[in-house]
>>> print(open('upload-v9.cif').read())   # mmCIF, C-alpha atoms (C1' of nucleotides)
data_my_file
#
loop_
_atom_site.group_PDB
_atom_site.id
_atom_site.type_symbol
_atom_site.label_atom_id
_atom_site.label_comp_id
_atom_site.auth_asym_id
_atom_site.auth_seq_id
_atom_site.Cartn_x
_atom_site.Cartn_y
_atom_site.Cartn_z
ATOM 1 C CA MET A 937 122.897 149.777 -30.627
ATOM 2 C CA SER A 938 125.695 148.996 -33.065
ATOM 3 C CA ASN A 939 127.272 146.226 -31.076
ATOM 4 C CA ASP A 940 128.048 143.520 -33.589
ATOM 5 C CA GLN A 941 131.369 141.667 -34.029
ATOM 6 C CA ASN A 942 134.430 143.268 -32.512
ATOM 7 C CA GLN A 943 132.872 146.696 -32.267
ATOM 8 C CA GLU A 944 134.573 148.410 -29.361
ATOM 9 C CA TYR A 945 132.350 151.453 -29.478
ATOM 10 C CA LEU A 946 128.866 152.019 -28.203
ATOM 11 C CA HIS A 947 127.389 154.654 -30.433
ATOM 12 C CA ILE A 948 129.941 156.061 -32.777
ATOM 13 C CA HIS A 949 129.999 154.376 -36.184
ATOM 14 C CA GLU A 950 133.084 153.025 -37.914
ATOM 15 C CA SER A 951 132.790 155.721 -40.543
ATOM 16 C CA SER A 952 132.970 158.466 -37.939
ATOM 17 C CA ILE A 953 135.836 157.008 -35.929
ATOM 18 C CA LYS A 954 138.317 157.786 -38.668
ATOM 19 C CA LYS A 955 137.039 161.329 -39.005
ATOM 20 C CA VAL A 956 137.290 162.053 -35.288
ATOM 21 C CA LYS A 957 140.764 160.567 -35.038
ATOM 22 C CA GLU A 958 142.003 162.494 -38.057
ATOM 23 C CA ASN A 959 140.952 165.766 -36.502
ATOM 24 C CA ILE A 960 142.932 165.170 -33.330
ATOM 25 C CA PRO A 961 146.494 166.518 -33.601
ATOM 26 C CA ASN A 962 149.427 164.288 -32.778
ATOM 27 C CA ASP A 963 150.615 163.901 -29.204
ATOM 28 C CA GLU A 964 153.459 166.356 -29.538
ATOM 29 C CA LYS A 965 151.176 169.121 -30.747
ATOM 30 C CA LEU A 966 148.597 168.363 -28.078
ATOM 31 C CA TYR A 967 151.313 168.521 -25.473
ATOM 32 C CA ASP A 968 152.656 171.835 -26.755
ATOM 33 C CA LEU A 969 149.173 173.288 -26.861
ATOM 34 C CA ALA A 970 148.451 172.228 -23.300
ATOM 35 C CA GLU A 971 151.803 173.653 -22.222
ATOM 36 C CA LEU A 972 150.933 176.971 -23.814
ATOM 37 C CA PHE A 973 147.600 177.235 -22.051
ATOM 38 C CA LYS A 974 149.212 176.189 -18.796
ATOM 39 C CA VAL A 975 151.239 179.374 -19.030
ATOM 40 C CA PHE A 976 148.051 181.430 -19.152
ATOM 41 C CA GLY A 977 146.657 179.429 -16.265
ATOM 42 C CA ASP A 978 148.197 181.456 -13.476
ATOM 43 C CA SER A 979 147.004 184.778 -12.060
ATOM 44 C CA THR A 980 150.462 186.225 -11.608
ATOM 45 C CA ARG A 981 151.429 185.564 -15.200
ATOM 46 C CA ILE A 982 148.118 186.898 -16.492
ATOM 47 C CA LYS A 983 148.664 190.027 -14.414
ATOM 48 C CA ILE A 984 152.134 190.503 -15.846
ATOM 49 C CA LEU A 985 150.799 190.133 -19.372
ATOM 50 C CA TYR A 986 148.082 192.699 -18.698
ATOM 51 C CA ALA A 987 150.668 195.156 -17.382
ATOM 52 C CA LEU A 988 152.704 194.658 -20.536
ATOM 53 C CA PHE A 989 149.631 195.326 -22.671
ATOM 54 C CA THR A 990 150.028 198.982 -21.731
ATOM 55 C CA SER A 991 153.769 199.397 -21.884
ATOM 56 C CA GLU A 992 157.200 197.873 -21.827
ATOM 57 C CA LEU A 993 158.354 197.512 -18.228
ATOM 58 C CA CYS A 994 161.427 196.551 -16.235
ATOM 59 C CA VAL A 995 161.318 193.770 -13.666
ATOM 60 C CA TYR A 996 161.330 196.002 -10.619
ATOM 61 C CA ASP A 997 158.448 198.152 -11.884
ATOM 62 C CA ILE A 998 156.349 195.098 -12.675
ATOM 63 C CA SER A 999 157.031 193.851 -9.186
ATOM 64 C CA GLN A 1000 155.935 197.206 -7.673
ATOM 65 C CA LEU A 1001 152.883 197.615 -9.888
ATOM 66 C CA LEU A 1002 151.542 194.168 -9.107
ATOM 67 C CA SER A 1003 152.747 193.836 -5.518
ATOM 68 C CA VAL A 1004 154.520 190.613 -6.300
ATOM 69 C CA SER A 1005 158.040 189.854 -5.065
ATOM 70 C CA GLN A 1006 160.914 190.495 -7.445
ATOM 71 C CA THR A 1007 161.911 186.846 -7.386
ATOM 72 C CA ALA A 1008 158.442 185.627 -8.234
ATOM 73 C CA VAL A 1009 158.239 188.095 -11.110
ATOM 74 C CA SER A 1010 161.616 186.975 -12.413
ATOM 75 C CA HIS A 1011 160.642 183.330 -12.272
ATOM 76 C CA GLN A 1012 157.376 183.961 -14.077
ATOM 77 C CA LEU A 1013 158.975 186.182 -16.693
ATOM 78 C CA ARG A 1014 161.272 183.328 -17.489
ATOM 79 C CA VAL A 1015 158.291 181.036 -18.038
ATOM 80 C CA LEU A 1016 156.665 183.642 -20.260
ATOM 81 C CA LYS A 1017 159.854 184.113 -22.235
ATOM 82 C CA THR A 1018 160.494 180.406 -22.657
ATOM 83 C CA ASN A 1019 157.047 180.131 -24.165
ATOM 84 C CA LYS A 1020 157.659 183.129 -26.421
ATOM 85 C CA LEU A 1021 154.916 185.261 -24.949
ATOM 86 C CA VAL A 1022 157.283 188.079 -23.971
ATOM 87 C CA LYS A 1023 160.635 189.320 -25.187
ATOM 88 C CA SER A 1024 163.300 191.237 -23.323
ATOM 89 C CA ARG A 1025 165.762 194.003 -23.942
ATOM 90 C CA LYS A 1026 168.688 194.805 -21.705
ATOM 91 C CA GLU A 1027 169.581 198.409 -20.892
ATOM 92 C CA GLY A 1028 172.330 198.855 -18.350
ATOM 93 C CA LYS A 1029 171.315 197.228 -15.113
ATOM 94 C CA ASN A 1030 167.728 196.881 -16.254
ATOM 95 C CA VAL A 1031 165.897 194.358 -18.349
ATOM 96 C CA PHE A 1032 162.789 195.592 -20.096
ATOM 97 C CA TYR A 1033 160.090 193.133 -20.975
ATOM 98 C CA SER A 1034 157.385 193.497 -23.612
ATOM 99 C CA LEU A 1035 154.843 191.323 -25.370
ATOM 100 C CA ALA A 1036 156.257 189.059 -28.032
ATOM 101 C CA ASP A 1037 153.315 189.171 -30.418
ATOM 102 C CA ASP A 1038 149.604 189.707 -30.894
ATOM 103 C CA HIS A 1039 148.542 186.176 -30.038
ATOM 104 C CA VAL A 1040 148.794 186.981 -26.373
ATOM 105 C CA HIS A 1041 146.194 189.669 -26.776
ATOM 106 C CA SER A 1042 143.797 187.595 -28.825
ATOM 107 C CA ILE A 1043 144.053 184.506 -26.653
ATOM 108 C CA ILE A 1044 143.329 186.493 -23.509
ATOM 109 C CA ASN A 1045 140.487 188.344 -25.197
ATOM 110 C CA GLN A 1046 138.836 185.086 -26.211
ATOM 111 C CA GLY A 1047 139.129 183.962 -22.611
ATOM 112 C CA ILE A 1048 137.554 187.178 -21.353
ATOM 113 C CA GLU A 1049 134.691 186.789 -23.788
ATOM 114 C CA HIS A 1050 134.012 183.323 -22.467
ATOM 115 C CA ILE A 1051 133.918 184.216 -18.790
ATOM 116 C CA GLU A 1052 131.874 187.363 -19.403
ATOM 117 C CA GLU A 1053 128.875 185.514 -20.744
ATOM 118 C CA MET B 1491 166.796 207.761 -13.839
ATOM 119 C CA SER B 1492 163.584 209.206 -12.410
ATOM 120 C CA ASN B 1493 164.396 208.568 -8.791
ATOM 121 C CA ASP B 1494 163.368 211.707 -6.936
ATOM 122 C CA GLN B 1495 161.315 211.925 -3.709
ATOM 123 C CA ASN B 1496 159.237 208.900 -2.755
ATOM 124 C CA GLN B 1497 159.237 207.481 -6.229
ATOM 125 C CA GLU B 1498 158.876 203.733 -5.820
ATOM 126 C CA TYR B 1499 159.395 203.013 -9.460
ATOM 127 C CA LEU B 1500 162.515 202.929 -11.518
ATOM 128 C CA HIS B 1501 161.451 203.842 -14.995
ATOM 129 C CA ILE B 1502 157.727 204.100 -15.275
ATOM 130 C CA HIS B 1503 156.357 207.613 -14.824
ATOM 131 C CA GLU B 1504 153.554 208.607 -12.470
ATOM 132 C CA SER B 1505 151.357 209.375 -15.454
ATOM 133 C CA SER B 1506 151.720 205.868 -16.802
ATOM 134 C CA ILE B 1507 151.197 204.047 -13.533
ATOM 135 C CA LYS B 1508 147.530 204.939 -13.464
ATOM 136 C CA LYS B 1509 147.056 203.841 -17.045
ATOM 137 C CA VAL B 1510 148.689 200.455 -16.492
ATOM 138 C CA LYS B 1511 146.743 199.811 -13.312
ATOM 139 C CA GLU B 1512 143.449 200.761 -14.914
ATOM 140 C CA ASN B 1513 143.956 198.231 -17.659
ATOM 141 C CA ILE B 1514 144.462 195.340 -15.241
ATOM 142 C CA PRO B 1515 141.157 193.632 -14.377
ATOM 143 C CA ASN B 1516 140.223 193.130 -10.759
ATOM 144 C CA ASP B 1517 141.466 190.098 -8.852
ATOM 145 C CA GLU B 1518 138.279 188.095 -9.275
ATOM 146 C CA LYS B 1519 138.333 188.433 -13.037
ATOM 147 C CA LEU B 1520 142.039 187.618 -13.181
ATOM 148 C CA TYR B 1521 141.403 184.550 -11.099
ATOM 149 C CA ASP B 1522 138.507 183.394 -13.275
ATOM 150 C CA LEU B 1523 140.547 183.942 -16.391
ATOM 151 C CA ALA B 1524 143.462 181.943 -15.040
ATOM 152 C CA GLU B 1525 141.052 179.197 -13.989
ATOM 153 C CA LEU B 1526 139.652 179.040 -17.506
ATOM 154 C CA PHE B 1527 143.055 178.695 -19.120
ATOM 155 C CA LYS B 1528 144.047 176.119 -16.548
ATOM 156 C CA VAL B 1529 141.270 173.953 -17.975
ATOM 157 C CA PHE B 1530 142.885 174.113 -21.411
ATOM 158 C CA GLY B 1531 146.257 173.351 -19.860
ATOM 159 C CA ASP B 1532 145.947 169.594 -19.853
ATOM 160 C CA SER B 1533 146.500 167.209 -22.771
ATOM 161 C CA THR B 1534 143.652 164.897 -21.837
ATOM 162 C CA ARG B 1535 141.118 167.700 -21.725
ATOM 163 C CA ILE B 1536 142.414 169.199 -24.971
ATOM 164 C CA LYS B 1537 142.104 165.760 -26.580
ATOM 165 C CA ILE B 1538 138.524 165.435 -25.387
ATOM 166 C CA LEU B 1539 137.666 168.858 -26.773
ATOM 167 C CA TYR B 1540 139.202 167.954 -30.121
ATOM 168 C CA ALA B 1541 137.148 164.774 -30.252
ATOM 169 C CA LEU B 1542 134.015 166.781 -29.550
ATOM 170 C CA PHE B 1543 134.892 169.190 -32.368
ATOM 171 C CA THR B 1544 133.851 166.446 -34.769
ATOM 172 C CA SER B 1545 130.797 165.049 -33.037
ATOM 173 C CA GLU B 1546 128.781 164.566 -29.911
ATOM 174 C CA LEU B 1547 130.092 161.527 -28.025
ATOM 175 C CA CYS B 1548 129.255 159.380 -25.039
ATOM 176 C CA VAL B 1549 131.760 158.816 -22.252
ATOM 177 C CA TYR B 1550 132.696 155.296 -23.201
ATOM 178 C CA ASP B 1551 133.377 156.200 -26.821
ATOM 179 C CA ILE B 1552 135.559 159.119 -25.802
ATOM 180 C CA SER B 1553 137.444 156.781 -23.537
ATOM 181 C CA GLN B 1554 137.944 154.272 -26.387
ATOM 182 C CA LEU B 1555 138.842 156.866 -28.995
ATOM 183 C CA LEU B 1556 141.482 158.496 -26.837
ATOM 184 C CA SER B 1557 142.731 155.442 -24.963
ATOM 185 C CA VAL B 1558 142.069 157.066 -21.644
ATOM 186 C CA SER B 1559 140.390 155.240 -18.758
ATOM 187 C CA GLN B 1560 136.661 155.757 -18.276
ATOM 188 C CA THR B 1561 137.218 157.248 -14.824
ATOM 189 C CA ALA B 1562 139.777 159.746 -16.019
ATOM 190 C CA VAL B 1563 137.451 160.820 -18.840
ATOM 191 C CA SER B 1564 134.564 161.231 -16.405
ATOM 192 C CA HIS B 1565 136.647 163.327 -14.050
ATOM 193 C CA GLN B 1566 137.854 165.560 -16.852
ATOM 194 C CA LEU B 1567 134.419 165.914 -18.388
ATOM 195 C CA ARG B 1568 133.225 167.207 -15.059
ATOM 196 C CA VAL B 1569 135.959 169.845 -15.069
ATOM 197 C CA LEU B 1570 135.018 170.822 -18.608
ATOM 198 C CA LYS B 1571 131.363 171.014 -17.714
ATOM 199 C CA THR B 1572 131.924 173.023 -14.551
ATOM 200 C CA ASN B 1573 133.747 175.549 -16.664
ATOM 201 C CA LYS B 1574 130.992 175.576 -19.262
ATOM 202 C CA LEU B 1575 133.131 174.278 -22.082
ATOM 203 C CA VAL B 1576 130.937 171.244 -22.721
ATOM 204 C CA LYS B 1577 127.318 170.379 -22.130
ATOM 205 C CA SER B 1578 125.705 166.989 -21.649
ATOM 206 C CA ARG B 1579 122.557 165.188 -22.624
ATOM 207 C CA LYS B 1580 121.333 161.989 -21.048
ATOM 208 C CA GLU B 1581 119.877 159.200 -23.173
ATOM 209 C CA GLY B 1582 119.102 155.998 -21.357
ATOM 210 C CA LYS B 1583 122.251 154.662 -19.768
ATOM 211 C CA ASN B 1584 124.409 157.009 -21.791
ATOM 212 C CA VAL B 1585 125.468 160.585 -21.376
ATOM 213 C CA PHE B 1586 126.392 162.407 -24.536
ATOM 214 C CA TYR B 1587 128.759 165.327 -24.348
ATOM 215 C CA SER B 1588 129.177 168.149 -26.830
ATOM 216 C CA LEU B 1589 130.855 171.544 -26.998
ATOM 217 C CA ALA B 1590 129.066 174.285 -25.121
ATOM 218 C CA ASP B 1591 129.894 177.132 -27.478
ATOM 219 C CA ASP B 1592 132.225 178.521 -30.102
ATOM 220 C CA HIS B 1593 134.732 180.034 -27.715
ATOM 221 C CA VAL B 1594 136.338 176.661 -27.237
ATOM 222 C CA HIS B 1595 137.135 176.513 -30.898
ATOM 223 C CA SER B 1596 138.477 180.029 -31.165
ATOM 224 C CA ILE B 1597 140.592 179.810 -28.022
ATOM 225 C CA ILE B 1598 142.206 176.578 -29.175
ATOM 226 C CA ASN B 1599 142.745 177.940 -32.666
ATOM 227 C CA GLN B 1600 144.550 180.987 -31.308
ATOM 228 C CA GLY B 1601 146.741 178.639 -29.315
ATOM 229 C CA ILE B 1602 147.504 176.552 -32.376
ATOM 230 C CA GLU B 1603 148.432 179.658 -34.337
ATOM 231 C CA HIS B 1604 150.875 180.622 -31.634
ATOM 232 C CA ILE B 1605 152.699 177.328 -31.425
ATOM 233 C CA GLU B 1606 152.789 176.909 -35.188
ATOM 234 C CA GLU B 1607 154.952 179.960 -35.787
ATOM 235 C "C1'" DT C 316 113.718 141.137 -8.197
ATOM 236 C "C1'" DT C 317 118.509 140.430 -9.977
ATOM 237 C "C1'" DA C 318 122.200 141.124 -13.192
ATOM 238 C "C1'" DA C 319 124.542 143.835 -16.439
ATOM 239 C "C1'" DT C 320 125.956 148.178 -18.238
ATOM 240 C "C1'" DA C 321 127.210 153.286 -18.384
ATOM 241 C "C1'" DT C 322 128.646 156.880 -15.778
ATOM 242 C "C1'" DA C 323 129.971 159.326 -11.564
ATOM 243 C "C1'" DT C 324 132.342 160.010 -7.280
ATOM 244 C "C1'" DG C 325 135.646 159.927 -3.379
ATOM 245 C "C1'" DA C 326 139.995 158.767 -1.323
ATOM 246 C "C1'" DA C 327 144.754 158.044 -1.975
ATOM 247 C "C1'" DC C 328 148.963 158.812 -4.095
ATOM 248 C "C1'" DA C 329 152.545 160.558 -7.161
ATOM 249 C "C1'" DG C 330 154.112 164.243 -9.771
ATOM 250 C "C1'" DA C 331 153.888 169.112 -11.027
ATOM 251 C "C1'" DT C 332 153.750 174.037 -9.801
ATOM 252 C "C1'" DG C 333 154.512 178.628 -7.548
ATOM 253 C "C1'" DT C 334 156.445 181.048 -3.846
ATOM 254 C "C1'" DT C 335 160.063 182.144 -0.662
ATOM 255 C "C1'" DC C 336 164.724 182.416 0.922
ATOM 256 C "C1'" DA C 337 169.455 182.627 0.147
ATOM 257 C "C1'" DT C 338 172.667 183.663 -3.046
ATOM 258 C "C1'" DA C 339 174.838 184.379 -7.631
ATOM 259 C "C1'" DT C 340 175.658 187.255 -11.676
ATOM 260 C "C1'" DG C 341 176.440 191.402 -14.074
ATOM 261 C "C1'" DA C 342 176.523 196.344 -14.676
ATOM 262 C "C1'" DA C 343 177.226 201.069 -13.042
ATOM 263 C "C1'" DA C 344 178.885 204.292 -9.480
ATOM 264 C "C1'" DG C 345 182.127 205.801 -6.056
ATOM 265 C "C1'" DC D 235 188.700 197.549 -6.770
ATOM 266 C "C1'" DT D 236 184.612 197.768 -3.945
ATOM 267 C "C1'" DT D 237 179.980 198.708 -3.262
ATOM 268 C "C1'" DT D 238 175.448 199.132 -4.748
ATOM 269 C "C1'" DC D 239 171.731 198.011 -7.521
ATOM 270 C "C1'" DA D 240 168.775 195.155 -10.883
ATOM 271 C "C1'" DT D 241 167.916 190.779 -12.145
ATOM 272 C "C1'" DA D 242 168.436 185.746 -12.221
ATOM 273 C "C1'" DT D 243 168.823 181.208 -10.303
ATOM 274 C "C1'" DG D 244 168.556 177.062 -7.331
ATOM 275 C "C1'" DA D 245 166.857 174.516 -3.464
ATOM 276 C "C1'" DA D 246 163.223 173.739 -0.292
ATOM 277 C "C1'" DC D 247 158.580 173.519 0.804
ATOM 278 C "C1'" DA D 248 153.641 173.624 0.650
ATOM 279 C "C1'" DT D 249 149.888 173.312 -2.365
ATOM 280 C "C1'" DC D 250 147.528 171.837 -6.356
ATOM 281 C "C1'" DT D 251 146.422 168.428 -10.041
ATOM 282 C "C1'" DG D 252 145.480 164.186 -12.571
ATOM 283 C "C1'" DT D 253 145.303 159.385 -12.428
ATOM 284 C "C1'" DT D 254 143.979 155.035 -10.407
ATOM 285 C "C1'" DC D 255 141.289 152.031 -7.588
ATOM 286 C "C1'" DA D 256 137.247 150.884 -5.293
ATOM 287 C "C1'" DT D 257 132.677 151.723 -5.163
ATOM 288 C "C1'" DA D 258 128.182 154.191 -5.704
ATOM 289 C "C1'" DT D 259 124.321 155.487 -8.664
ATOM 290 C "C1'" DA D 260 121.156 154.935 -12.303
ATOM 291 C "C1'" DT D 261 119.118 152.728 -16.187
ATOM 292 C "C1'" DT D 262 117.913 148.768 -18.885
ATOM 293 C "C1'" DA D 263 117.540 143.719 -19.587
ATOM 294 C "C1'" DA D 264 116.591 139.126 -18.041
#
>>> encode(input="upload-v9.cif", output="structure tokens")
Amino acid sequence: MSNDQNQEYLHIHESSIKKVKENIPNDEKLYDLAELFKVFGDSTRIKILYALFTSELCVYDISQLLSVSQTAVSHQLRVLKTNKLVKSRKEGKNVFYSLADDHVHSIINQGIEHIEE
Amino acid sequence: MSNDQNQEYLHIHESSIKKVKENIPNDEKLYDLAELFKVFGDSTRIKILYALFTSELCVYDISQLLSVSQTAVSHQLRVLKTNKLVKSRKEGKNVFYSLADDHVHSIINQGIEHIEE
DNA sequence: TTAATATATGAACAGATGTTCATATGAAAG
DNA sequence: CTTTCATATGAACATCTGTTCATATATTAA
């Protein structure tokens, strides 16, 4: 065991400590990353994203398709929009939502791959 | 507006409804997927995963490296293990943790790409 | 044995999260 | 204008989550 002097660690060697620490992003980035994944961590939001994979949709239709209340859909769409996962387009009384970019697809696909093992 | 008969939808057409619904996984899969992303949705767990990107580590060293209490690390490692993101190996008094597979890396990298835009 | 060390676990508590309900806003129709 | 319709918003509430504290378990050392 490398437990001489002021060594605070049990097994990791001084030389490795620096390497590990360098590879960890700063707190702000870690926070943002966790926030992003938090958005994917809810069934309702995942469902909405899946619906939008197929086509642009207005709030009411999403609500009908998924059997989720209009208010809940609205609240969740706001979360998705804040995190730049969807974008919106207003047309008269309606607001149409669609996916913001391809990351949504690839992140979800990686997740699917993991759980399907 | 396509609002004839019993049409429950505002804009989406009957022909599209089927397509959208077919592309949405069943509830169990949606739930599992959300659960998986929930695991990534916490700074402490993301930090632990980043540390393990570089090397296998025992609990105490993770705790020291990240300045997180031993108990908190233990609790979070259990969550990570339950979700098959890390695996463990016992050696005497120590338990060494390492990444379970490559999905962890690719999921996190997709996340990073998204927030770095 | 007994003591020390590394990790795990359970209860408790504070803070975060998602839904519902009531209502506001904003646009089109009458 | 007034009403109706589509969406958004805020407060309230119940549930979930992550940390801490106390303690249990397991392994090695004395």
>>> resolve_selection(input="upload-v9.cif", expression="the PyMOL selection byres ((chain A and resi 979) around 7)", output="list in words")
Gly977, Asp978, Thr980, Arg981, Ile982 and Lys983 of chain A; Leu1520, Tyr1521 and Ala1524 of chain B
>>> residues_near_point(input="upload-v9.cif", point="(118.7, 151.0, -12.9)", cutoff="10 Å", atoms="all atoms listed in the file", output="list of chain:residue names")
B:Gly1582, B:Lys1583, C:DA319, C:DT320, D:DT259, D:DA260, D:DT261, D:DT262, D:DA263
>>> residues_around(input="upload-v9.cif", residues="segment 247-258 of chain D", least_positions_apart="5", cutoff="10 Å", atoms="only C-alpha atoms (C1' of nucleotides)", output="number ranges by chain")
B: 1532, 1534, 1559, 1561-1562, 1565-1566; C: 323-335
>>> interface_residues(input="upload-v9.cif", of="chain B", to="chain C", cutoff="8 Å", atoms="all atoms listed in the file", output="ChimeraX atom specification")
/B:1549-1550,1564,1583-1585
>>> write_last_selection(input="upload-v9.cif", atoms="C-alpha atoms", output="PDB file, keeping the file's coordinate frame")
ATOM      1  CA  VAL B1549     131.760 158.816 -22.252  1.00  0.00           C
ATOM      2  CA  TYR B1550     132.696 155.296 -23.201  1.00  0.00           C
ATOM      3  CA  SER B1564     134.564 161.231 -16.405  1.00  0.00           C
ATOM      4  CA  LYS B1583     122.251 154.662 -19.768  1.00  0.00           C
ATOM      5  CA  ASN B1584     124.409 157.009 -21.791  1.00  0.00           C
ATOM      6  CA  VAL B1585     125.468 160.585 -21.376  1.00  0.00           C
TER       7      VAL B1585
END
>>> calpha_fit_and_write(input="upload-v9.cif", fixed="chain B", moving="chain A", output="short mmCIF file (atom, residue, chain, number, x, y, z; two decimals) with C-alpha atoms, in the frame of the given file")
data_model
loop_
_atom_site.label_atom_id
_atom_site.label_comp_id
_atom_site.auth_asym_id
_atom_site.auth_seq_id
_atom_site.Cartn_x
_atom_site.Cartn_y
_atom_site.Cartn_z
CA MET A 937 166.46 208.04 -13.79
CA SER A 938 163.27 209.39 -12.23
CA ASN A 939 164.18 208.69 -8.65
CA ASP A 940 163.14 211.78 -6.75
CA GLN A 941 161.06 211.92 -3.54
CA ASN A 942 159.05 208.84 -2.68
CA GLN A 943 159.15 207.44 -6.18
CA GLU A 944 158.90 203.69 -5.81
CA TYR A 945 159.43 202.99 -9.48
CA LEU A 946 162.56 202.92 -11.55
CA HIS A 947 161.49 203.83 -15.03
CA ILE A 948 157.77 204.07 -15.31
CA HIS A 949 156.41 207.59 -14.84
CA GLU A 950 153.60 208.56 -12.50
CA SER A 951 151.40 209.35 -15.46
CA SER A 952 151.76 205.84 -16.83
CA ILE A 953 151.25 204.01 -13.55
CA LYS A 954 147.58 204.90 -13.48
CA LYS A 955 147.10 203.80 -17.06
CA VAL A 956 148.74 200.42 -16.52
CA LYS A 957 146.80 199.77 -13.33
CA GLU A 958 143.50 200.73 -14.93
CA ASN A 959 144.01 198.20 -17.69
CA ILE A 960 144.52 195.32 -15.28
CA PRO A 961 141.22 193.61 -14.40
CA ASN A 962 140.27 193.08 -10.78
CA ASP A 963 141.52 190.06 -8.88
CA GLU A 964 138.34 188.07 -9.29
CA LYS A 965 138.40 188.40 -13.06
CA LEU A 966 142.09 187.59 -13.22
CA TYR A 967 141.47 184.52 -11.13
CA ASP A 968 138.57 183.36 -13.31
CA LEU A 969 140.61 183.92 -16.44
CA ALA A 970 143.52 181.91 -15.08
CA GLU A 971 141.12 179.17 -14.03
CA LEU A 972 139.71 179.03 -17.54
CA PHE A 973 143.10 178.67 -19.16
CA LYS A 974 144.09 176.08 -16.59
CA VAL A 975 141.32 173.93 -18.00
CA PHE A 976 142.91 174.09 -21.44
CA GLY A 977 146.28 173.33 -19.91
CA ASP A 978 145.98 169.56 -19.90
CA SER A 979 146.50 167.17 -22.81
CA THR A 980 143.65 164.87 -21.88
CA ARG A 981 141.15 167.69 -21.75
CA ILE A 982 142.43 169.18 -25.00
CA LYS A 983 142.09 165.75 -26.60
CA ILE A 984 138.52 165.43 -25.39
CA LEU A 985 137.67 168.85 -26.78
CA TYR A 986 139.18 167.96 -30.14
CA ALA A 987 137.12 164.77 -30.27
CA LEU A 988 134.00 166.79 -29.55
CA PHE A 989 134.87 169.19 -32.37
CA THR A 990 133.81 166.45 -34.76
CA SER A 991 130.78 165.05 -33.02
CA GLU A 992 128.77 164.59 -29.88
CA LEU A 993 130.05 161.55 -28.01
CA CYS A 994 129.21 159.41 -25.00
CA VAL A 995 131.71 158.85 -22.21
CA TYR A 996 132.62 155.31 -23.16
CA ASP A 997 133.32 156.21 -26.80
CA ILE A 998 135.52 159.12 -25.80
CA SER A 999 137.41 156.78 -23.52
CA GLN A 1000 137.90 154.26 -26.38
CA LEU A 1001 138.80 156.85 -28.99
CA LEU A 1002 141.45 158.46 -26.84
CA SER A 1003 142.68 155.40 -24.97
CA VAL A 1004 142.05 157.04 -21.65
CA SER A 1005 140.37 155.23 -18.75
CA GLN A 1006 136.65 155.78 -18.25
CA THR A 1007 137.22 157.25 -14.81
CA ALA A 1008 139.77 159.75 -16.03
CA VAL A 1009 137.45 160.81 -18.83
CA SER A 1010 134.58 161.23 -16.39
CA HIS A 1011 136.67 163.33 -14.05
CA GLN A 1012 137.88 165.56 -16.85
CA LEU A 1013 134.44 165.92 -18.37
CA ARG A 1014 133.27 167.21 -15.05
CA VAL A 1015 136.00 169.85 -15.08
CA LEU A 1016 135.06 170.83 -18.61
CA LYS A 1017 131.40 171.03 -17.70
CA THR A 1018 131.98 173.03 -14.55
CA ASN A 1019 133.82 175.56 -16.66
CA LYS A 1020 131.04 175.59 -19.26
CA LEU A 1021 133.17 174.29 -22.09
CA VAL A 1022 130.95 171.26 -22.71
CA LYS A 1023 127.32 170.41 -22.12
CA SER A 1024 125.70 167.04 -21.63
CA ARG A 1025 122.53 165.26 -22.57
CA LYS A 1026 121.31 162.07 -20.97
CA GLU A 1027 119.83 159.28 -23.08
CA GLY A 1028 119.04 156.10 -21.22
CA LYS A 1029 122.19 154.74 -19.67
CA ASN A 1030 124.36 157.06 -21.72
CA VAL A 1031 125.44 160.63 -21.32
CA PHE A 1032 126.36 162.46 -24.49
CA TYR A 1033 128.75 165.34 -24.31
CA SER A 1034 129.17 168.17 -26.81
CA LEU A 1035 130.86 171.55 -27.00
CA ALA A 1036 129.10 174.31 -25.12
CA ASP A 1037 129.93 177.15 -27.49
CA ASP A 1038 132.25 178.54 -30.12
CA HIS A 1039 134.77 180.04 -27.73
CA VAL A 1040 136.35 176.66 -27.26
CA HIS A 1041 137.13 176.51 -30.94
CA SER A 1042 138.51 180.01 -31.20
CA ILE A 1043 140.62 179.80 -28.06
CA ILE A 1044 142.23 176.56 -29.21
CA ASN A 1045 142.76 177.93 -32.70
CA GLN A 1046 144.58 180.97 -31.34
CA GLY A 1047 146.77 178.61 -29.36
CA ILE A 1048 147.53 176.53 -32.44
CA GLU A 1049 148.44 179.64 -34.38
CA HIS A 1050 150.91 180.61 -31.70
CA ILE A 1051 152.73 177.30 -31.49
CA GLU A 1052 152.81 176.88 -35.27
CA GLU A 1053 154.96 179.92 -35.86
#
>>> closest_atom_pairs(input="upload-v9.cif", of="segment 1527-1563 of chain B", to="segment 943-957 of chain A", cutoff="8 Å", atoms="only C-alpha atoms", output="tab-separated table")
residue	atom	partner	partner_atom	distance
B:Ala1541	CA	A:Val956	CA	5.7
B:Thr1544	CA	A:Val956	CA	5.6
B:Ser1545	CA	A:Val956	CA	7.5
B:Leu1547	CA	A:Ile948	CA	7.2
B:Cys1548	CA	A:His947	CA	7.4
B:Tyr1550	CA	A:Leu946	CA	7.1
B:Asp1551	CA	A:Tyr945	CA	5.5
B:Gln1554	CA	A:Tyr945	CA	7.0
B:Leu1555	CA	A:Lys957	CA	7.3
>>> residues_around(input="upload-v9.cif", residues="segment 1035-1051 of chain A", least_positions_apart="5", cutoff="10 Å", atoms="all atoms listed in the file", output="ChimeraX atom specification")
/A:973,976,982,984-992,1016-1017,1019-1024 /B:1519-1520,1522-1527,1573-1575,1591-1605
>>> atom_distance(input="upload-v9.cif", atom1="atom CA of Val975 of chain A", atom2="atom CA of Glu1053 of chain A")
23.3 Å
>>> resolve_selection(input="upload-v9.cif", expression="the PyMOL selection byres ((chain D) within 9 of (chain A))", output="MDAnalysis selection string")
chainID D and resid 239:243
